[in-house]
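Everything below belongs to target_35.txt, which stores compact mmCIF, C-alpha atoms.
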```txt
# COMPACT_ATOMS: atom_id res chain seq x y z
CA MET A 1 21.48 -10.14 20.33
CA LYS A 2 18.17 -9.05 21.80
CA ARG A 3 17.52 -5.31 21.88
CA HIS A 4 15.25 -3.70 24.38
CA ILE A 5 12.99 -0.97 23.13
CA GLY A 6 12.51 2.18 25.17
CA ALA A 7 9.73 4.59 25.90
CA GLY A 8 9.69 5.84 22.31
CA LEU A 9 8.16 2.61 21.06
CA VAL A 10 5.66 2.61 23.89
CA ALA A 11 4.42 5.98 22.73
CA LEU A 12 4.63 5.05 19.06
CA PHE A 13 2.86 1.70 19.17
CA GLY A 14 0.96 1.78 22.43
CA LEU A 15 -0.63 5.16 22.16
CA GLY A 16 -0.25 6.17 18.52
CA GLY A 17 -3.16 4.11 17.24
CA CYS A 18 -5.75 4.39 19.99
CA SER A 19 -8.51 5.75 17.80
CA SER A 20 -9.30 6.37 14.17
CA PRO A 21 -12.62 8.20 13.97
CA ALA A 22 -12.29 9.09 10.26
CA HIS A 23 -12.44 5.50 9.01
CA PRO A 24 -14.75 2.53 9.42
CA PRO A 25 -13.16 -0.56 10.98
CA ILE A 26 -10.38 -1.97 8.84
CA THR A 27 -11.19 -5.12 6.90
CA LEU A 28 -9.62 -8.31 8.24
CA ALA A 29 -8.65 -11.65 6.78
CA SER A 30 -11.66 -13.86 7.44
CA LYS A 31 -9.75 -16.74 9.01
CA VAL A 32 -6.04 -17.25 9.68
CA ASP A 33 -4.69 -20.78 10.18
CA LEU A 34 -2.01 -19.86 12.72
CA PRO A 35 0.33 -22.84 12.16
CA ARG A 36 0.23 -22.17 8.40
CA PHE A 37 0.89 -18.44 8.94
CA MET A 38 4.03 -19.12 10.98
CA GLY A 39 7.46 -18.83 9.39
CA ASP A 40 9.38 -16.17 7.49
CA TRP A 41 7.78 -13.22 5.74
CA TYR A 42 9.88 -10.79 3.66
CA VAL A 43 8.81 -7.16 4.04
CA ILE A 44 8.09 -6.02 0.48
CA ALA A 45 6.86 -2.52 1.37
CA ASN A 46 5.67 -0.54 4.37
CA ILE A 47 4.88 2.72 5.99
CA PRO A 48 7.90 2.43 8.25
CA THR A 49 8.07 3.03 11.96
CA PHE A 50 11.03 5.12 13.07
CA ILE A 51 13.10 2.00 13.80
CA GLU A 52 12.55 0.68 10.24
CA LYS A 53 13.66 3.74 8.30
CA GLY A 54 16.55 2.68 6.09
CA ALA A 55 15.79 -1.04 6.51
CA HIS A 56 17.18 -3.44 3.89
CA ASN A 57 16.46 -7.20 3.70
CA ALA A 58 13.72 -6.90 6.32
CA VAL A 59 12.22 -10.21 7.43
CA GLU A 60 9.52 -10.88 10.03
CA SER A 61 9.47 -14.44 11.43
CA TYR A 62 6.72 -15.98 13.54
CA ARG A 63 6.75 -19.11 15.71
CA LEU A 64 3.73 -20.35 17.64
CA ASN A 65 4.58 -20.99 21.30
CA PRO A 66 2.93 -23.80 23.31
CA ASP A 67 1.05 -21.17 25.37
CA GLY A 68 -0.53 -19.68 22.22
CA THR A 69 1.67 -16.58 22.09
CA ILE A 70 3.68 -15.86 18.99
CA ALA A 71 7.45 -15.53 19.20
CA THR A 72 8.33 -12.85 16.67
CA THR A 73 11.73 -11.96 15.30
CA PHE A 74 12.13 -8.92 13.07
CA THR A 75 15.55 -8.53 11.43
CA TYR A 76 16.99 -6.16 8.87
CA ARG A 77 20.19 -4.45 7.77
CA GLN A 78 20.38 -0.76 8.63
CA ASP A 79 20.80 1.66 5.69
CA SER A 80 22.39 -0.83 3.25
CA PHE A 81 22.60 -4.52 2.39
CA ASP A 82 25.83 -4.80 4.36
CA GLY A 83 24.80 -2.43 7.15
CA PRO A 84 24.57 -3.43 10.80
CA LEU A 85 22.11 -6.23 11.55
CA LYS A 86 19.18 -5.11 13.69
CA ARG A 87 16.96 -7.56 15.56
CA TYR A 88 13.78 -7.04 17.56
CA GLN A 89 11.86 -9.80 19.31
CA PRO A 90 8.36 -8.71 20.31
CA THR A 91 5.72 -11.18 21.42
CA GLY A 92 2.40 -11.53 19.61
CA PHE A 93 -0.89 -12.24 21.38
CA VAL A 94 -3.93 -13.39 19.42
CA LEU A 95 -6.80 -11.19 20.59
CA ASP A 96 -9.57 -12.48 18.31
CA ARG A 97 -9.66 -16.28 18.40
CA SER A 98 -12.59 -16.52 15.98
CA SER A 99 -10.51 -15.19 13.06
CA ASN A 100 -6.95 -15.17 14.49
CA ALA A 101 -6.54 -11.94 12.50
CA VAL A 102 -6.28 -9.45 15.39
CA TRP A 103 -3.15 -9.53 17.50
CA GLY A 104 -1.49 -7.39 20.09
CA MET A 105 2.27 -7.07 19.56
CA ARG A 106 4.26 -6.40 22.73
CA PHE A 107 7.60 -4.64 22.36
CA VAL A 108 7.65 -3.29 25.92
CA TRP A 109 5.62 -4.66 28.83
CA PRO A 110 2.74 -4.02 29.47
CA PHE A 111 1.87 -2.29 26.19
CA LYS A 112 0.53 -4.16 23.15
CA SER A 113 0.41 -2.45 19.78
CA ASP A 114 -2.39 -2.98 17.28
CA PHE A 115 -1.54 -5.67 14.70
CA ARG A 116 -4.19 -6.77 12.19
CA ILE A 117 -3.97 -9.23 9.35
CA VAL A 118 -5.82 -7.18 6.75
CA TYR A 119 -5.20 -9.49 3.80
CA LEU A 120 -3.93 -13.04 3.37
CA ASP A 121 -3.98 -14.78 0.02
CA PRO A 122 -5.36 -18.34 -0.09
CA GLY A 123 -1.89 -19.82 -0.62
CA TYR A 124 -0.42 -18.01 2.41
CA THR A 125 2.21 -16.43 0.15
CA GLN A 126 1.27 -12.74 0.52
CA THR A 127 -0.13 -10.81 3.45
CA ILE A 128 -0.80 -7.29 4.64
CA ILE A 129 -0.44 -6.35 8.29
CA GLY A 130 -2.15 -3.10 9.19
CA ARG A 131 -3.39 -1.04 12.07
CA GLU A 132 -6.81 0.42 12.77
CA ALA A 133 -5.25 3.91 12.80
CA ARG A 134 -3.87 3.43 9.26
CA ASP A 135 -0.55 4.91 10.41
CA TYR A 136 1.69 1.91 9.64
CA VAL A 137 1.39 -1.03 7.26
CA TRP A 138 3.50 -3.95 6.07
CA ILE A 139 3.09 -5.77 2.75
CA MET A 140 4.88 -9.09 3.15
CA ALA A 141 5.49 -12.24 1.14
CA ARG A 142 7.14 -15.62 1.50
CA THR A 143 9.62 -14.55 -1.20
CA PRO A 144 11.82 -11.43 -1.37
CA SER A 145 9.83 -10.05 -4.32
CA ILE A 146 6.36 -10.27 -5.81
CA PRO A 147 5.05 -9.55 -9.32
CA GLU A 148 4.35 -5.86 -9.93
CA ALA A 149 0.70 -6.64 -10.73
CA ASP A 150 0.30 -8.24 -7.28
CA TYR A 151 1.97 -5.25 -5.64
CA ARG A 152 -0.41 -2.83 -7.42
CA LYS A 153 -3.41 -4.96 -6.37
CA LEU A 154 -2.29 -4.81 -2.72
CA LEU A 155 -1.76 -1.04 -2.93
CA ASP A 156 -5.27 -0.65 -4.38
CA LEU A 157 -6.68 -2.69 -1.50
CA LEU A 158 -4.88 -0.46 1.00
CA GLY A 159 -6.20 2.66 -0.72
CA ARG A 160 -9.75 1.33 -0.39
CA GLU A 161 -9.06 0.69 3.32
CA GLY A 162 -8.19 4.36 3.87
CA TYR A 163 -4.39 4.24 3.77
CA ASN A 164 -2.44 7.05 2.16
CA ILE A 165 -0.62 4.85 -0.36
CA GLY A 166 1.76 7.71 -1.17
CA GLN A 167 3.43 6.97 2.18
CA ILE A 168 4.14 3.33 1.36
CA ARG A 169 7.77 2.59 0.46
CA LYS A 170 9.30 -0.53 -1.03
CA VAL A 171 11.87 -2.20 1.23
CA PRO A 172 15.09 -3.10 -0.63
CA GLN A 173 15.53 -6.88 -0.76
CA GLN A 174 18.67 -8.49 -2.22
CA TRP A 175 19.55 -12.05 -1.28
```
The structure given in the file should be rewritten as structure tokens.
Amino acid sequence: MKRHIGAGLVALFGLGGCSSPAHPPITLASKVDLPRFMGDWYVIANIPTFIEKGAHNAVESYRLNPDGTIATTFTYRQDSFDGPLKRYQPTGFVLDRSSNAVWGMRFVWPFKSDFRIVYLDPGYTQTIIGREARDYVWIMARTPSIPEADYRKLLDLLGREGYNIGQIRKVPQQW
């Protein structure tokens, strides 16, 4: 079932991160091999958008389309592990072809939200997706959990990037 997102997401993603004068530009992954980045990513922790509050078993999946866009499917269970299944299918657009680390994510035409691959480990097993405005962030992994030491390292990185790490919440994962 494909859900259509209304004007609230336009305001939230399209306009919410237009400028961030208090911070220098956010650090990006130096180079992203798009075919290798594709696939399922479990959301380990985030600063949730309003649609993600109460998310359980959140997974973001990417598939590279022949035209270079990225078919994205975000699914989760609302409020519990057996709660209603929610699904969103925005489209990603690579905006920086030199690194492939800056995307626009379209939930509602014609608006594209800021989507930046801030960190990607060499094995493509852990990543951080952030925004220049530092208002939302997603720590994701190829597995539903990561070692606590890795999680702390990623939080430290986000703190150095200007995120308020006190706002980051772990997403319950139980498979």
Problem set entry | Distance in Å - CA of Asp114 in chain A versus CA of Asp79 in chain A | 26.3 Å
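Here the question is which of A:Gln173, A:Leu28, A:Tyr76, A:Thr143 gets nearest to Trp103 in chain A using all atoms listed in the file, and that residue is A:Leu28.
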Exercise. So which residues touch Thr69 in chain A within 6 Å, counting all atoms listed in the file, skipping near sequence neighbours fewer than 2 positions away, as a PyMOL selection string?
Worked result: chain A and resi 65+67+92-93
Seminar exercise, completed: Residue with the minimum atom-to-atom distance to Pro25 in chain A, picked from A:Glu132, A:Phe115, A:Tyr88, A:Phe81 with all atoms listed in the file counted, is A:Glu132
For this session: Would you mind telling me which residue in A:Gly166, A:Gly39, A:Pro24, A:Gly123 lies nearest to Val59 in chain A when using all atoms listed in the file?
Result: A:Gly39
For this session: Mind giving me the straight-line distance from CA of Pro147 in chain A to CA of Gln126 in chain A in Å, one decimal?
Result: 11.0 Å
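In this structure, CA of Gln89 in chain A sits 15.2 Å away from CA of Arg77 in chain A.
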Exercise. Which one of A:Arg169, A:Ser80, A:Ala22, A:Arg116 sits closest to Val94 in chain A if you count all atoms listed in the file?
Worked result: A:Arg116
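Considering all atoms listed in the file, the residue among A:Leu158, A:Ala141, A:Val102, A:Met38 positioned nearest to Leu64 in chain A is A:Met38.
Of the residues listed (A:Tyr119, A:Tyr124, A:Tyr136, A:Phe107), A:Tyr119 shows the shortest atom-to-atom separation from Ala29 in chain A; distances use all atoms listed in the file.
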For this session: List the neighbours of Thr73 in chain A out to 9 Å using only C-alpha atoms; skip same-chain residues closer than 5 positions along the sequence, and give me the result as a list in words.
Result: Val59, Glu60, Ser61, Tyr62, Arg63, Arg87, Tyr88, Gln89, Pro90 and Thr91 of chain A
